[in-house]
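See below for the structure under consideration.
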Amino acid sequence: MSRFTTFTRSIAAVPVAFYGFAFHKSAISIHTAAQQQLPYEISTIPSGPFSVVVSFTMALLVFAVGSRSVRRFALPVGIAAQLGAHGLLLVAFINGSWAEVALTGGSVLTALGTVSLSALWIDLYGRLNPIRAVFCNAVSILIAQAIIFFLEAVPIERMFVALFIAPMLTATTYTVAYRHEEEQCSGPS
């Protein structure tokens, strides 16, 4: 059997849910695009420093309590944080006087949601063989870029609809992919 045939069969065996990382990646970019459409100039604290702190905290937490414990709460915390960040951005659009507070709080929640959900997808991809993991990531990036392309130019109201749907799709696809991978690891009963 040729390497190409082996490669294509390996890729064909990847369930579609493993590409759900795309919803998470697109939500991050769409959030940024929506934030840039604010009708006024705001000086916000960038989420980068928060991401660093949250990343190190997550790493220490995994080290202290174990990855299995962190997996139990990372998904609900990540989804709640992402929805909270999107909600605070919506508040900034609706009420300009609260924009500074909303966007600063949103930076913290964005960092928490991004790190939590990224850690889960990285952990899941790490269970795949290297070819499948790289392919899943590449396809997810491609899907995310297509979603971003189609949503960046839409009215802000549609952007917010997408921002609130994307975390739900992320949670659903992650759960399906995680269960599939657990079944594969445990084998037939």
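To be explicit about the labels: the chains of the structure tokens are called A, B, and onward in the order shown, and within each one the residues are counted from 1, while ligands get numbers from 1 in the order they are shown.
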
Nearby residues (only C-alpha atoms) at most 10 Å from Thr173 in chain A, same-chain spacing under 6 positions excluded, as an mmCIF file with all heavy atoms, in the first residue's frame:
data_model
loop_
_atom_site.group_PDB
_atom_site.id
_atom_site.type_symbol
_atom_site.label_atom_id
_atom_site.label_comp_id
_atom_site.auth_asym_id
_atom_site.auth_seq_id
_atom_site.Cartn_x
_atom_site.Cartn_y
_atom_site.Cartn_z
ATOM 1 N N PRO A 15 -13.340 11.459 12.460
ATOM 2 C CA PRO A 15 -14.718 11.955 12.522
ATOM 3 C C PRO A 15 -14.762 13.477 12.361
ATOM 4 O O PRO A 15 -13.853 14.187 12.772
ATOM 5 C CB PRO A 15 -15.174 11.565 13.934
ATOM 6 C CG PRO A 15 -14.243 10.484 14.351
ATOM 7 C CD PRO A 15 -12.940 10.774 13.673
ATOM 8 N N VAL A 16 -15.815 13.968 11.748
ATOM 9 C CA VAL A 16 -15.971 15.395 11.475
ATOM 10 C C VAL A 16 -15.894 16.221 12.759
ATOM 11 O O VAL A 16 -15.398 17.350 12.750
ATOM 12 C CB VAL A 16 -17.302 15.646 10.734
ATOM 13 C CG1 VAL A 16 -17.568 17.123 10.572
ATOM 14 C CG2 VAL A 16 -17.289 14.956 9.381
ATOM 15 N N ALA A 17 -16.338 15.677 13.878
ATOM 16 C CA ALA A 17 -16.336 16.430 15.135
ATOM 17 C C ALA A 17 -14.937 16.903 15.536
ATOM 18 O O ALA A 17 -14.798 17.901 16.230
ATOM 19 C CB ALA A 17 -16.927 15.579 16.258
ATOM 20 N N PHE A 18 -13.904 16.215 15.077
ATOM 21 C CA PHE A 18 -12.542 16.619 15.421
ATOM 22 C C PHE A 18 -12.160 17.952 14.787
ATOM 23 O O PHE A 18 -11.159 18.537 15.152
ATOM 24 C CB PHE A 18 -11.538 15.527 15.021
ATOM 25 C CG PHE A 18 -11.477 14.407 16.014
ATOM 26 C CD1 PHE A 18 -12.393 13.371 15.965
ATOM 27 C CD2 PHE A 18 -10.519 14.398 17.011
ATOM 28 C CE1 PHE A 18 -12.348 12.343 16.891
ATOM 29 C CE2 PHE A 18 -10.465 13.374 17.933
ATOM 30 C CZ PHE A 18 -11.389 12.339 17.881
ATOM 31 N N TYR A 19 -12.949 18.414 13.843
ATOM 32 C CA TYR A 19 -12.685 19.715 13.234
ATOM 33 C C TYR A 19 -13.405 20.847 13.973
ATOM 34 O O TYR A 19 -13.374 21.984 13.535
ATOM 35 C CB TYR A 19 -13.078 19.698 11.753
ATOM 36 C CG TYR A 19 -12.406 18.587 10.985
ATOM 37 C CD1 TYR A 19 -13.130 17.701 10.216
ATOM 38 C CD2 TYR A 19 -11.027 18.411 11.050
ATOM 39 C CE1 TYR A 19 -12.509 16.674 9.517
ATOM 40 C CE2 TYR A 19 -10.395 17.375 10.370
ATOM 41 C CZ TYR A 19 -11.149 16.527 9.611
ATOM 42 O OH TYR A 19 -10.524 15.503 8.933
ATOM 43 N N GLY A 20 -14.015 20.547 15.089
ATOM 44 C CA GLY A 20 -14.748 21.539 15.876
ATOM 45 C C GLY A 20 -13.892 22.633 16.463
ATOM 46 O O GLY A 20 -14.404 23.672 16.884
ATOM 47 N N PHE A 21 -12.590 22.433 16.486
ATOM 48 C CA PHE A 21 -11.670 23.476 16.943
ATOM 49 C C PHE A 21 -11.862 24.738 16.098
ATOM 50 O O PHE A 21 -11.610 25.845 16.552
ATOM 51 C CB PHE A 21 -10.236 22.949 16.849
ATOM 52 C CG PHE A 21 -9.194 23.844 17.434
ATOM 53 C CD1 PHE A 21 -9.355 24.446 18.657
ATOM 54 C CD2 PHE A 21 -8.008 24.071 16.749
ATOM 55 C CE1 PHE A 21 -8.370 25.267 19.202
ATOM 56 C CE2 PHE A 21 -7.014 24.884 17.275
ATOM 57 C CZ PHE A 21 -7.203 25.485 18.505
ATOM 58 N N ALA A 22 -12.354 24.572 14.879
ATOM 59 C CA ALA A 22 -12.587 25.701 13.977
ATOM 60 C C ALA A 22 -13.568 26.706 14.578
ATOM 61 O O ALA A 22 -13.394 27.921 14.416
ATOM 62 C CB ALA A 22 -13.124 25.203 12.641
ATOM 63 N N PHE A 23 -14.593 26.228 15.265
ATOM 64 C CA PHE A 23 -15.583 27.140 15.857
ATOM 65 C C PHE A 23 -14.941 27.996 16.948
ATOM 66 O O PHE A 23 -15.233 29.176 17.079
ATOM 67 C CB PHE A 23 -16.780 26.360 16.408
ATOM 68 C CG PHE A 23 -17.481 25.554 15.355
ATOM 69 C CD1 PHE A 23 -17.571 24.179 15.473
ATOM 70 C CD2 PHE A 23 -18.028 26.152 14.234
ATOM 71 C CE1 PHE A 23 -18.203 23.417 14.501
ATOM 72 C CE2 PHE A 23 -18.663 25.410 13.255
ATOM 73 C CZ PHE A 23 -18.752 24.040 13.397
ATOM 74 N N PRO A 167 -19.548 29.106 20.564
ATOM 75 C CA PRO A 167 -19.161 28.316 21.738
ATOM 76 C C PRO A 167 -20.007 27.060 21.925
ATOM 77 O O PRO A 167 -19.502 26.029 22.370
ATOM 78 C CB PRO A 167 -19.348 29.289 22.908
ATOM 79 C CG PRO A 167 -19.211 30.632 22.299
ATOM 80 C CD PRO A 167 -19.813 30.502 20.930
ATOM 81 N N ARG A 179 -15.695 11.824 23.331
ATOM 82 C CA ARG A 179 -16.341 10.519 23.570
ATOM 83 C C ARG A 179 -15.884 9.486 22.542
ATOM 84 O O ARG A 179 -15.647 8.333 22.880
ATOM 85 C CB ARG A 179 -17.860 10.656 23.546
ATOM 86 C CG ARG A 179 -18.390 11.331 24.787
ATOM 87 C CD ARG A 179 -19.886 11.392 24.787
ATOM 88 N NE ARG A 179 -20.339 12.084 25.981
ATOM 89 C CZ ARG A 179 -21.485 12.735 26.075
ATOM 90 N NH1 ARG A 179 -22.310 12.745 25.037
ATOM 91 N NH2 ARG A 179 -21.821 13.338 27.183
#

Using only C-alpha atoms, tabulate the residues of range 83-158 of chain A lying at most 12 Å from any atom of range 3-7 of chain A, each with its closest atom pair and that distance in Å to one decimal, by chain and increasing residue number, as CSV.
residue,atom,partner,partner_atom,distance
A:Asn129,CA,A:Phe7,CA,11.3
A:Pro130,CA,A:Phe7,CA,11.3
A:Ile131,CA,A:Phe7,CA,7.8
A:Arg132,CA,A:Phe7,CA,8.7
A:Val134,CA,A:Phe7,CA,11.9
A:Phe135,CA,A:Phe7,CA,10.0

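Closest approach to Ala34 in chain A among A:Leu90, A:Val54, A:Ala119, A:Val14: A:Leu90, based on only C-alpha atoms.
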
Counting only C-alpha atoms, figure out which residue out of A:Val53, A:Ile30, A:Ala177, A:Leu163 gets nearest to His86 in chain A.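 For His86 in chain A, the nearest of the candidates is A:Leu163.
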
Looking at only C-alpha atoms, which of A:Ala99, A:Ala166, A:Ala64, A:Val70 is the one that sits closest to Ala144 in chain A?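 The closest residue to Ala144 in chain A is A:Ala166.
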
Measuring between only C-alpha atoms, which one of A:Asn95, A:Thr170, A:Gln82, A:Ser2 shows the shortest distance to Thr110 in chain A?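 Using only C-alpha atoms, the shortest distance to Thr110 in chain A belongs to A:Gln82.
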
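Across the structure, CA of Glu182 in chain A and CA of Tyr125 in chain A are spaced 12.5 Å apart.
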
When you look at Leu109 in chain A with a cut-off of 10 Å (counting only C-alpha atoms), what residues show up, excluding the ones that are within fewer than 3 positions of it in the same chain? I need them as a list of chain:residue names.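 The filter keeps A:Ser47, A:Phe50, A:Ser51, A:Val54, A:Val77, A:Gly78, A:Ile79, A:Ala80, A:Ala81, A:Gln82, A:Leu83, A:Gly84, A:Ala85, A:His86, A:Leu88, A:Leu103, A:Thr104, A:Gly105, A:Gly106, A:Leu112, A:Gly113, A:Thr114, A:Val115.
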
Write to file, as a PDB file, in the first residue's frame, the residues of the selection just made, with N, CA, C and O atoms.
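After the write, selection-v5.pdb holds the following:
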ATOM      1  N   SER A  47      -5.671  41.442  25.809  1.00  0.00           N
ATOM      2  CA  SER A  47      -5.867  40.163  26.492  1.00  0.00           C
ATOM      3  C   SER A  47      -4.585  39.332  26.558  1.00  0.00           C
ATOM      4  O   SER A  47      -4.538  38.344  27.276  1.00  0.00           O
ATOM      5  N   PHE A  50      -3.208  38.729  30.076  1.00  0.00           N
ATOM      6  CA  PHE A  50      -4.122  37.847  30.796  1.00  0.00           C
ATOM      7  C   PHE A  50      -3.958  36.406  30.327  1.00  0.00           C
ATOM      8  O   PHE A  50      -4.011  35.470  31.123  1.00  0.00           O
ATOM      9  N   SER A  51      -3.752  36.233  29.024  1.00  0.00           N
ATOM     10  CA  SER A  51      -3.546  34.886  28.484  1.00  0.00           C
ATOM     11  C   SER A  51      -2.306  34.234  29.067  1.00  0.00           C
ATOM     12  O   SER A  51      -2.312  33.035  29.369  1.00  0.00           O
ATOM     13  N   VAL A  54      -3.197  33.276  32.699  1.00  0.00           N
ATOM     14  CA  VAL A  54      -4.138  32.148  32.706  1.00  0.00           C
ATOM     15  C   VAL A  54      -3.439  30.870  32.236  1.00  0.00           C
ATOM     16  O   VAL A  54      -3.661  29.793  32.792  1.00  0.00           O
ATOM     17  N   VAL A  77     -16.109  25.939  32.057  1.00  0.00           N
ATOM     18  CA  VAL A  77     -15.492  27.222  32.389  1.00  0.00           C
ATOM     19  C   VAL A  77     -15.121  27.966  31.107  1.00  0.00           C
ATOM     20  O   VAL A  77     -15.381  29.171  30.974  1.00  0.00           O
ATOM     21  N   GLY A  78     -14.529  27.258  30.150  1.00  0.00           N
ATOM     22  CA  GLY A  78     -14.142  27.893  28.890  1.00  0.00           C
ATOM     23  C   GLY A  78     -15.330  28.433  28.114  1.00  0.00           C
ATOM     24  O   GLY A  78     -15.286  29.556  27.598  1.00  0.00           O
ATOM     25  N   ILE A  79     -16.396  27.650  28.039  1.00  0.00           N
ATOM     26  CA  ILE A  79     -17.594  28.089  27.311  1.00  0.00           C
ATOM     27  C   ILE A  79     -18.241  29.266  28.032  1.00  0.00           C
ATOM     28  O   ILE A  79     -18.614  30.263  27.402  1.00  0.00           O
ATOM     29  N   ALA A  80     -18.365  29.181  29.345  1.00  0.00           N
ATOM     30  CA  ALA A  80     -18.958  30.287  30.118  1.00  0.00           C
ATOM     31  C   ALA A  80     -18.125  31.560  29.968  1.00  0.00           C
ATOM     32  O   ALA A  80     -18.682  32.657  29.812  1.00  0.00           O
ATOM     33  N   ALA A  81     -16.810  31.413  30.005  1.00  0.00           N
ATOM     34  CA  ALA A  81     -15.937  32.587  29.866  1.00  0.00           C
ATOM     35  C   ALA A  81     -16.086  33.201  28.481  1.00  0.00           C
ATOM     36  O   ALA A  81     -16.158  34.430  28.337  1.00  0.00           O
ATOM     37  N   GLN A  82     -16.134  32.356  27.448  1.00  0.00           N
ATOM     38  CA  GLN A  82     -16.280  32.885  26.095  1.00  0.00           C
ATOM     39  C   GLN A  82     -17.634  33.588  25.929  1.00  0.00           C
ATOM     40  O   GLN A  82     -17.697  34.687  25.378  1.00  0.00           O
ATOM     41  N   LEU A  83     -18.697  32.973  26.415  1.00  0.00           N
ATOM     42  CA  LEU A  83     -20.010  33.609  26.327  1.00  0.00           C
ATOM     43  C   LEU A  83     -20.046  34.908  27.132  1.00  0.00           C
ATOM     44  O   LEU A  83     -20.635  35.903  26.702  1.00  0.00           O
ATOM     45  N   GLY A  84     -19.387  34.901  28.293  1.00  0.00           N
ATOM     46  CA  GLY A  84     -19.311  36.119  29.115  1.00  0.00           C
ATOM     47  C   GLY A  84     -18.568  37.232  28.399  1.00  0.00           C
ATOM     48  O   GLY A  84     -18.984  38.398  28.433  1.00  0.00           O
ATOM     49  N   ALA A  85     -17.463  36.892  27.751  1.00  0.00           N
ATOM     50  CA  ALA A  85     -16.691  37.895  27.004  1.00  0.00           C
ATOM     51  C   ALA A  85     -17.530  38.479  25.869  1.00  0.00           C
ATOM     52  O   ALA A  85     -17.535  39.695  25.647  1.00  0.00           O
ATOM     53  N   HIS A  86     -18.260  37.614  25.162  1.00  0.00           N
ATOM     54  CA  HIS A  86     -19.114  38.090  24.078  1.00  0.00           C
ATOM     55  C   HIS A  86     -20.246  38.962  24.634  1.00  0.00           C
ATOM     56  O   HIS A  86     -20.611  39.973  24.038  1.00  0.00           O
ATOM     57  N   LEU A  88     -20.142  40.784  27.398  1.00  0.00           N
ATOM     58  CA  LEU A  88     -19.588  42.077  27.792  1.00  0.00           C
ATOM     59  C   LEU A  88     -19.303  42.956  26.572  1.00  0.00           C
ATOM     60  O   LEU A  88     -19.467  44.182  26.631  1.00  0.00           O
ATOM     61  N   LEU A 103     -15.049  45.948  28.377  1.00  0.00           N
ATOM     62  CA  LEU A 103     -13.976  45.424  27.540  1.00  0.00           C
ATOM     63  C   LEU A 103     -12.787  44.944  28.362  1.00  0.00           C
ATOM     64  O   LEU A 103     -12.113  43.988  27.984  1.00  0.00           O
ATOM     65  N   THR A 104     -12.532  45.579  29.493  1.00  0.00           N
ATOM     66  CA  THR A 104     -11.451  45.097  30.356  1.00  0.00           C
ATOM     67  C   THR A 104     -11.841  43.746  30.963  1.00  0.00           C
ATOM     68  O   THR A 104     -11.051  42.804  30.959  1.00  0.00           O
ATOM     69  N   GLY A 105     -13.059  43.646  31.466  1.00  0.00           N
ATOM     70  CA  GLY A 105     -13.546  42.357  31.969  1.00  0.00           C
ATOM     71  C   GLY A 105     -13.593  41.320  30.868  1.00  0.00           C
ATOM     72  O   GLY A 105     -13.279  40.149  31.069  1.00  0.00           O
ATOM     73  N   GLY A 106     -13.957  41.764  29.667  1.00  0.00           N
ATOM     74  CA  GLY A 106     -13.989  40.866  28.518  1.00  0.00           C
ATOM     75  C   GLY A 106     -12.611  40.339  28.166  1.00  0.00           C
ATOM     76  O   GLY A 106     -12.470  39.202  27.728  1.00  0.00           O
ATOM     77  N   LEU A 112      -9.354  33.564  29.590  1.00  0.00           N
ATOM     78  CA  LEU A 112      -9.752  32.333  30.278  1.00  0.00           C
ATOM     79  C   LEU A 112     -10.421  31.358  29.314  1.00  0.00           C
ATOM     80  O   LEU A 112     -10.106  30.164  29.298  1.00  0.00           O
ATOM     81  N   GLY A 113     -11.332  31.856  28.491  1.00  0.00           N
ATOM     82  CA  GLY A 113     -12.020  30.990  27.528  1.00  0.00           C
ATOM     83  C   GLY A 113     -11.077  30.432  26.482  1.00  0.00           C
ATOM     84  O   GLY A 113     -11.116  29.244  26.165  1.00  0.00           O
ATOM     85  N   THR A 114     -10.198  31.284  25.960  1.00  0.00           N
ATOM     86  CA  THR A 114      -9.266  30.849  24.924  1.00  0.00           C
ATOM     87  C   THR A 114      -8.310  29.788  25.435  1.00  0.00           C
ATOM     88  O   THR A 114      -8.127  28.739  24.805  1.00  0.00           O
ATOM     89  N   VAL A 115      -7.722  30.022  26.585  1.00  0.00           N
ATOM     90  CA  VAL A 115      -6.751  29.073  27.137  1.00  0.00           C
ATOM     91  C   VAL A 115      -7.434  27.760  27.521  1.00  0.00           C
ATOM     92  O   VAL A 115      -6.934  26.678  27.214  1.00  0.00           O
TER      93      VAL A 115
END

Between A:Ala111, A:Val52, A:Val91, A:Ala27, which one has atoms that come closest to Ala162 in chain A, using only C-alpha atoms?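 With only C-alpha atoms as the atom set, the closest residue is A:Ala27.
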
DSSP alpha helix (DSSP H) residues within range 4-137 of chain A, listed as an NGL selection string: :A and (4-12 or 21-35 or 47-65 or 67-94 or 99-126 or 130-137)
